[in-house]
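**Student:** This one is protein33.txt, compact mmCIF, C-alpha atoms.
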# COMPACT_ATOMS: atom_id res chain seq x y z
CA MET A 193 19.55 59.38 -24.51
CA HIS A 194 18.11 59.69 -21.02
CA GLN A 195 15.09 57.56 -22.04
CA ASN A 196 17.39 54.81 -23.33
CA ARG A 197 19.37 54.84 -20.10
CA GLY A 198 16.13 54.63 -18.09
CA PHE A 199 14.86 51.72 -20.15
CA ALA A 200 18.17 49.90 -19.81
CA ALA A 201 18.14 50.40 -16.04
CA ILE A 202 14.59 49.05 -15.73
CA LEU A 203 15.44 46.07 -17.94
CA GLY A 204 18.55 45.35 -15.91
CA LEU A 205 16.54 45.50 -12.68
CA LEU A 206 13.94 43.07 -14.04
CA ILE A 207 16.66 40.63 -15.07
CA VAL A 208 18.23 40.79 -11.60
CA ILE A 209 14.81 40.16 -9.99
CA ALA A 210 14.14 37.22 -12.33
CA ILE A 211 17.51 35.63 -11.53
CA ALA A 212 16.95 36.12 -7.80
CA MET A 213 13.53 34.45 -7.99
CA MET A 214 14.97 31.50 -9.92
CA LEU A 215 17.67 31.00 -7.31
CA TYR A 216 15.10 31.29 -4.53
CA PHE A 217 12.84 28.57 -5.93
CA MET A 218 15.81 26.35 -6.72
CA ASP A 219 16.79 26.58 -3.05
CA LEU A 220 13.26 25.69 -1.98
CA LYS A 221 13.29 22.61 -4.19
CA ALA A 222 16.63 21.54 -2.78
CA ILE A 223 15.33 21.92 0.79
CA PHE A 224 11.83 20.49 0.48
CA GLY A 225 12.19 18.12 -2.47
CA PRO A 226 9.95 17.89 -5.55
CA SER A 227 6.42 19.22 -5.49
CA GLY A 228 3.18 18.14 -7.16
CA GLN A 229 1.83 14.61 -7.23
CA TYR A 230 4.91 13.16 -5.53
CA MET A 231 4.21 15.16 -2.39
CA GLU A 232 0.51 14.33 -1.98
CA ARG A 233 1.10 12.21 1.12
CA PRO A 234 3.99 11.04 3.29
CA ALA A 235 5.45 7.60 2.69
CA ALA A 236 3.69 4.76 4.52
CA ILE A 237 4.72 1.19 5.29
CA GLU A 238 2.43 0.04 2.48
CA ASP A 239 4.73 1.77 -0.02
CA HIS A 240 7.68 -0.45 0.87
CA PRO A 241 6.27 -3.56 2.61
CA TRP A 242 9.34 -5.62 1.64
CA GLN A 243 11.19 -3.70 4.34
CA LEU A 244 9.11 -5.66 6.87
CA GLU A 245 10.05 -9.10 5.57
CA ASP A 246 12.01 -9.80 8.73
CA LEU A 247 8.60 -10.10 10.45
CA LEU A 248 7.80 -13.20 8.39
CA ILE A 249 8.47 -16.33 10.43
CA GLY A 250 9.75 -19.47 8.74
CA PRO A 251 7.86 -22.79 8.92
CA ASP A 252 10.47 -24.28 11.26
CA LYS A 253 9.75 -21.71 13.99
CA ASN A 254 6.77 -21.04 16.23
CA VAL A 255 4.73 -17.86 15.87
CA PRO A 256 4.21 -15.96 19.16
CA SER A 257 0.67 -16.11 20.53
CA PRO A 258 -1.47 -12.95 20.65
CA ARG A 259 -1.08 -10.78 23.68
CA LYS A 260 -3.77 -10.14 26.29
CA GLY A 261 -6.60 -8.11 24.80
CA GLN A 262 -5.80 -9.06 21.20
CA PRO A 263 -7.83 -11.60 19.17
CA GLU A 264 -7.04 -14.96 20.75
CA LEU A 265 -7.16 -17.24 17.67
CA LEU A 266 -8.46 -20.17 19.70
CA GLU A 267 -10.29 -21.37 16.58
CA PRO A 268 -9.52 -20.84 12.88
CA ILE A 269 -10.98 -17.64 11.47
CA HIS A 270 -11.92 -17.05 7.84
CA ILE A 271 -12.62 -13.54 6.58
CA LYS A 272 -13.68 -12.21 3.18
CA ALA A 273 -13.02 -8.56 2.36
CA PRO A 274 -13.58 -6.45 -0.77
CA VAL A 275 -10.46 -4.92 -2.30
CA HIS A 276 -10.29 -1.45 -3.89
CA ARG A 277 -7.89 0.87 -5.68
CA ASN A 278 -8.77 4.58 -5.89
CA ASP A 279 -12.33 3.65 -4.80
CA ALA A 280 -12.72 1.22 -7.73
CA PRO A 281 -13.48 -2.47 -6.93
CA ARG A 282 -10.54 -4.82 -7.33
CA GLY A 283 -11.94 -8.20 -6.38
CA GLN A 284 -11.92 -9.91 -3.02
CA VAL A 285 -9.34 -11.27 -0.61
CA THR A 286 -10.03 -14.28 1.60
CA LEU A 287 -8.03 -14.38 4.84
CA SER A 288 -7.50 -17.46 6.99
CA PHE A 289 -6.06 -17.25 10.51
CA GLY A 290 -5.02 -20.57 12.07
CA LYS A 291 -4.69 -21.56 15.71
CA ASP A 292 -0.95 -21.73 15.05
CA CYS A 293 -1.09 -17.97 14.33
CA ARG A 294 -0.25 -18.55 10.66
CA VAL A 295 -2.02 -16.50 7.99
CA ALA A 296 -3.03 -17.48 4.45
CA ALA A 297 -4.69 -15.23 1.89
CA ASP A 298 -6.13 -15.65 -1.60
CA TRP A 299 -6.81 -12.58 -3.75
CA ALA A 300 -8.73 -12.72 -7.01
CA ALA A 301 -9.85 -9.77 -9.14
CA GLN A 302 -11.25 -9.18 -12.62
CA TYR A 303 -12.17 -5.76 -13.96
CA GLU A 304 -12.40 -3.63 -17.12
CA SER A 305 -10.09 -0.67 -17.78
CA ASP A 306 -9.70 1.28 -21.05
CA LYS A 307 -11.32 -1.54 -23.06
CA LYS A 308 -8.98 -4.06 -21.45
CA THR A 309 -9.94 -6.97 -19.22
CA ILE A 310 -7.54 -7.42 -16.33
CA THR A 311 -7.34 -10.31 -13.88
CA ILE A 312 -5.16 -10.60 -10.79
CA GLU A 313 -4.53 -13.79 -8.84
CA SER A 314 -2.34 -14.24 -5.78
CA HIS A 315 -1.85 -16.67 -2.91
CA LEU A 316 0.02 -15.34 0.11
CA SER A 317 1.18 -16.83 3.39
CA GLY A 318 2.52 -15.32 6.57
CA ASN A 319 1.83 -14.85 10.26
CA VAL A 320 0.58 -12.52 12.95
CA VAL A 321 2.96 -10.17 14.78
CA PRO A 322 1.60 -9.58 18.32
CA SER A 323 4.47 -7.24 19.29
CA LYS A 324 3.64 -4.63 16.63
CA GLU A 325 1.40 -1.91 18.05
CA TYR A 326 -1.28 -0.07 16.08
CA ALA A 327 -1.24 3.73 15.93
CA ASP A 328 -3.43 6.00 13.80
CA ALA A 329 -2.35 9.14 11.93
CA ARG A 330 -2.70 11.19 15.12
CA GLY A 331 -0.59 8.82 17.17
CA ASN A 332 -3.50 7.25 19.05
CA THR A 333 -2.71 3.62 19.87
CA ASP A 334 -4.96 0.56 20.04
CA LYS A 335 -3.30 -2.40 21.75
CA THR A 336 -6.24 -4.70 20.97
CA ARG A 337 -5.47 -4.88 17.23
CA LEU A 338 -3.36 -7.76 15.97
CA PHE A 339 -0.94 -7.06 13.12
CA PHE A 340 -0.41 -9.62 10.36
CA ILE A 341 1.83 -9.87 7.32
CA ALA A 342 1.91 -12.22 4.33
CA LYS A 343 3.81 -12.55 1.08
CA GLY A 344 3.38 -14.49 -2.15
CA PRO A 345 3.55 -14.38 -5.96
CA TYR A 346 0.92 -12.70 -8.09
CA THR A 347 -0.01 -12.89 -11.75
CA GLN A 348 -1.72 -10.06 -13.62
CA THR A 349 -3.16 -10.97 -17.02
CA THR A 350 -4.33 -8.26 -19.43
CA HIS A 351 -6.60 -9.10 -22.39
CA LEU A 352 -6.21 -6.31 -24.97
CA PRO A 353 -8.90 -5.26 -27.49
CA ASP A 354 -6.89 -6.78 -30.35
CA LYS A 355 -7.15 -10.20 -28.62
CA THR A 356 -3.49 -10.22 -27.53
CA ILE A 357 -2.67 -11.18 -23.95
CA HIS A 358 -0.06 -9.63 -21.69
CA SER A 359 1.04 -11.41 -18.52
CA GLU A 360 2.95 -9.90 -15.59
CA GLN A 361 4.39 -11.73 -12.59
CA GLY A 362 5.68 -10.25 -9.39
CA THR A 363 5.43 -10.30 -5.62
CA ALA A 364 2.40 -9.39 -3.53
CA TYR A 365 2.51 -8.31 0.11
CA LEU A 366 -0.33 -8.13 2.58
CA LEU A 367 -0.24 -5.96 5.69
CA GLY A 368 -3.22 -5.63 7.99
CA TRP A 369 -4.83 -5.53 11.40
CA LEU A 370 -7.26 -8.03 12.92
CA ARG A 371 -9.73 -6.61 15.43
CA THR A 372 -11.36 -8.34 18.39
CA ASP A 373 -14.68 -8.51 16.50
CA ASN A 374 -12.90 -10.61 13.84
CA THR A 375 -12.93 -7.89 11.21
CA ALA A 376 -9.78 -7.04 9.29
CA ALA A 377 -8.43 -4.08 7.35
CA GLY A 378 -5.17 -3.47 5.54
CA THR A 379 -3.45 -3.19 2.19
CA LEU A 380 -2.33 -5.50 -0.60
CA THR A 381 0.75 -4.23 -2.42
CA ILE A 382 2.15 -5.55 -5.70
CA THR A 383 5.58 -4.99 -7.22
CA THR A 384 7.80 -6.60 -9.84
CA ASP A 385 11.24 -5.33 -8.83
CA GLN A 386 10.66 -2.99 -5.84
CA SER A 387 11.30 0.06 -8.04
CA TRP A 388 7.54 0.73 -8.02
CA SER A 389 4.49 -0.55 -6.17
CA ALA A 390 0.69 -0.32 -6.31
CA GLN A 391 -1.54 -0.41 -3.23
CA TYR A 392 -4.96 -2.05 -2.91
CA PRO A 393 -6.75 -1.39 0.42
CA PHE A 394 -9.25 -3.86 1.85
CA MET A 395 -11.69 -3.81 4.74
CA SER A 396 -14.11 -6.47 5.93
CA ASN A 397 -17.33 -6.25 7.90
CA PRO A 398 -18.65 -8.59 10.61
CA SER A 399 -20.97 -10.41 8.23
CA ASN A 400 -18.00 -11.60 6.11
CA GLN A 401 -16.22 -13.68 8.74
CA SER A 402 -16.73 -17.14 10.10
CA LEU A 403 -15.24 -19.53 12.65
CA ARG A 404 -14.42 -23.17 11.98
Have the structure of the file written as structure tokens, please.

**Tutor:**
Amino acid sequence: MHQNRGFAAILGLLIVIAIAMMLYFMDLKAIFGPSGQYMERPAAIEDHPWQLEDLLIGPDKNVPSPRKGQPELLEPIHIKAPVHRNDAPRGQVTLSFGKDCRVAADWAAQYESDKKTITIESHLSGNVVPSKEYADARGNTDKTRLFFIAKGPYTQTTHLPDKTIHSEQGTAYLLGWLRTDNTAAGTLTITTDQSWSAQYPFMSNPSNQSLR
């Protein structure tokens, strides 16, 4: 009889501990949010670039000129930069900066994935934003970098192994920084309905730019 009572007491204690631990972790989730892959990094502007659409300037308005110390754009600049996703090549983007501070970009990619051939094509247009200041992850600023933004449609075509073709259309956004040595770095982002997005970083080198 005493052994049964002892066993019941231990079992009851274990149940109480288990319930307490469950409540504890539920509270942690409520405070800190979900864990795992969704918490790998904090949200960045590249995740929701459509929130910066107010920086796009219509064709009936003038774009502000770069500030002192930023790239001057006295002549048109054309830059080619490789595009990647998770370190895998995703084509090339060609950037054109005009003397009117307008920006145009053409992105083309073709690659193989899981026995599928995928192509992406997009033409984007936008402008520079001299008032936006660059800051790295540590908060260090660089006032010589010139921010630019562009937007346009994209088409992604997937050729499946069974010869069928799937086509997807959506909106592409380009956010980046132009340096005084006429190199550029940034991110292309695609989305169909803003409920999801995929990011494609790009970075040029001095040998891939020209003046005209």

**Student:** Give the answer as one residue: which of A:Ile269, A:Lys324, A:Leu352, A:Lys291 has the shortest atom-to-atom distance to Lys307 in chain A, using only C-alpha atoms?

**Tutor:** A:Leu352

**Student:** Need the shell around Thr309 in chain A: protein/DNA/RNA residues with any atom at most 9 Å away, counting only C-alpha atoms. Skip same-chain ones fewer than 3 positions apart. Format as a PyMOL selection string?

**Tutor:** chain A and resi 302-306+349-353

**Student:** Go through A:Lys253, A:Lys260, A:Lys355, A:Arg277 one by one, measure the shortest atom-to-atom distance of each to Pro393 in chain A using all atoms listed in the file, and give the residue with the smallest value.

**Tutor:**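 For Pro393 in chain A, the nearest of the given residues is A:Arg277.
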
**Student:** For Ala280 in chain A, which of A:Ile357, A:Asp246, A:Leu265, A:Ala301 is the closest residue, counting only C-alpha atoms?

**Tutor:** A:Ala301

**Student:** Under the rule that all atoms listed in the file are counted, which of A:Val321, A:Ala297, A:Leu370, A:Ala327 is the nearest residue to Tyr346 in chain A?

**Tutor:**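 Comparing A:Val321, A:Ala297, A:Leu370, A:Ala327 against Tyr346 in chain A, the winner is A:Ala297.
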
**Student:** Report, in Å to a single decimal, how far apart CA of Val295 in chain A and CA of His315 in chain A are.

**Tutor:**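 These two atoms are separated by 10.9 Å.
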
**Student:** Could you tell me how far CA of Asp328 in chain A sits from CA of Ala390 in chain A, in Å to one decimal place?

**Tutor:** 21.5 Å

**Student:** I want to know what sits within 10 Å of Ser399 in chain A, based on only C-alpha atoms, with residues of the same chain fewer than 6 positions away left out; could you give that as a PyMOL selection string?

**Tutor:** chain A and resi 271-272+374-375

**Student:** I want to know what sits within 12 Å of range 288-290 of chain A, based on only C-alpha atoms, with residues of the same chain fewer than 4 positions away left out; could you give that as a PDB file with C-alpha atoms, in the coordinates of the input?

**Tutor:**
ATOM      1  CA  VAL A 255       4.730 -17.860  15.870  1.00  0.00           C
ATOM      2  CA  SER A 257       0.670 -16.110  20.530  1.00  0.00           C
ATOM      3  CA  PRO A 258      -1.470 -12.950  20.650  1.00  0.00           C
ATOM      4  CA  PRO A 263      -7.830 -11.600  19.170  1.00  0.00           C
ATOM      5  CA  GLU A 264      -7.040 -14.960  20.750  1.00  0.00           C
ATOM      6  CA  LEU A 265      -7.160 -17.240  17.670  1.00  0.00           C
ATOM      7  CA  LEU A 266      -8.460 -20.170  19.700  1.00  0.00           C
ATOM      8  CA  GLU A 267     -10.290 -21.370  16.580  1.00  0.00           C
ATOM      9  CA  PRO A 268      -9.520 -20.840  12.880  1.00  0.00           C
ATOM     10  CA  ILE A 269     -10.980 -17.640  11.470  1.00  0.00           C
ATOM     11  CA  HIS A 270     -11.920 -17.050   7.840  1.00  0.00           C
ATOM     12  CA  ILE A 271     -12.620 -13.540   6.580  1.00  0.00           C
ATOM     13  CA  LYS A 272     -13.680 -12.210   3.180  1.00  0.00           C
ATOM     14  CA  ALA A 273     -13.020  -8.560   2.360  1.00  0.00           C
ATOM     15  CA  ARG A 294      -0.250 -18.550  10.660  1.00  0.00           C
ATOM     16  CA  VAL A 295      -2.020 -16.500   7.990  1.00  0.00           C
ATOM     17  CA  ALA A 296      -3.030 -17.480   4.450  1.00  0.00           C
ATOM     18  CA  ALA A 297      -4.690 -15.230   1.890  1.00  0.00           C
ATOM     19  CA  ASP A 298      -6.130 -15.650  -1.600  1.00  0.00           C
ATOM     20  CA  TRP A 299      -6.810 -12.580  -3.750  1.00  0.00           C
ATOM     21  CA  HIS A 315      -1.850 -16.670  -2.910  1.00  0.00           C
ATOM     22  CA  LEU A 316       0.020 -15.340   0.110  1.00  0.00           C
ATOM     23  CA  SER A 317       1.180 -16.830   3.390  1.00  0.00           C
ATOM     24  CA  GLY A 318       2.520 -15.320   6.570  1.00  0.00           C
ATOM     25  CA  ASN A 319       1.830 -14.850  10.260  1.00  0.00           C
ATOM     26  CA  VAL A 320       0.580 -12.520  12.950  1.00  0.00           C
ATOM     27  CA  LEU A 338      -3.360  -7.760  15.970  1.00  0.00           C
ATOM     28  CA  PHE A 339      -0.940  -7.060  13.120  1.00  0.00           C
ATOM     29  CA  PHE A 340      -0.410  -9.620  10.360  1.00  0.00           C
ATOM     30  CA  ILE A 341       1.830  -9.870   7.320  1.00  0.00           C
ATOM     31  CA  ALA A 342       1.910 -12.220   4.330  1.00  0.00           C
ATOM     32  CA  TRP A 369      -4.830  -5.530  11.400  1.00  0.00           C
ATOM     33  CA  LEU A 370      -7.260  -8.030  12.920  1.00  0.00           C
ATOM     34  CA  ASN A 374     -12.900 -10.610  13.840  1.00  0.00           C
ATOM     35  CA  THR A 375     -12.930  -7.890  11.210  1.00  0.00           C
ATOM     36  CA  ALA A 376      -9.780  -7.040   9.290  1.00  0.00           C
ATOM     37  CA  GLN A 401     -16.220 -13.680   8.740  1.00  0.00           C
ATOM     38  CA  SER A 402     -16.730 -17.140  10.100  1.00  0.00           C
ATOM     39  CA  LEU A 403     -15.240 -19.530  12.650  1.00  0.00           C
ATOM     40  CA  ARG A 404     -14.420 -23.170  11.980  1.00  0.00           C
TER      41      ARG A 404
END

**Student:** Which residue gives the smallest distance to Asp385 in chain A among A:Thr311, A:Asn278, A:Gln361, A:Asn400, with all atoms listed in the file counted?

**Tutor:**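 Between A:Thr311, A:Asn278, A:Gln361, A:Asn400, the residue approaching Asp385 in chain A most closely is A:Gln361.
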
**Student:** Could you please determine the separation between CA of Cys293 in chain A and CA of Gln386 in chain A in Å, to one decimal place?

**Tutor:** 27.7 Å
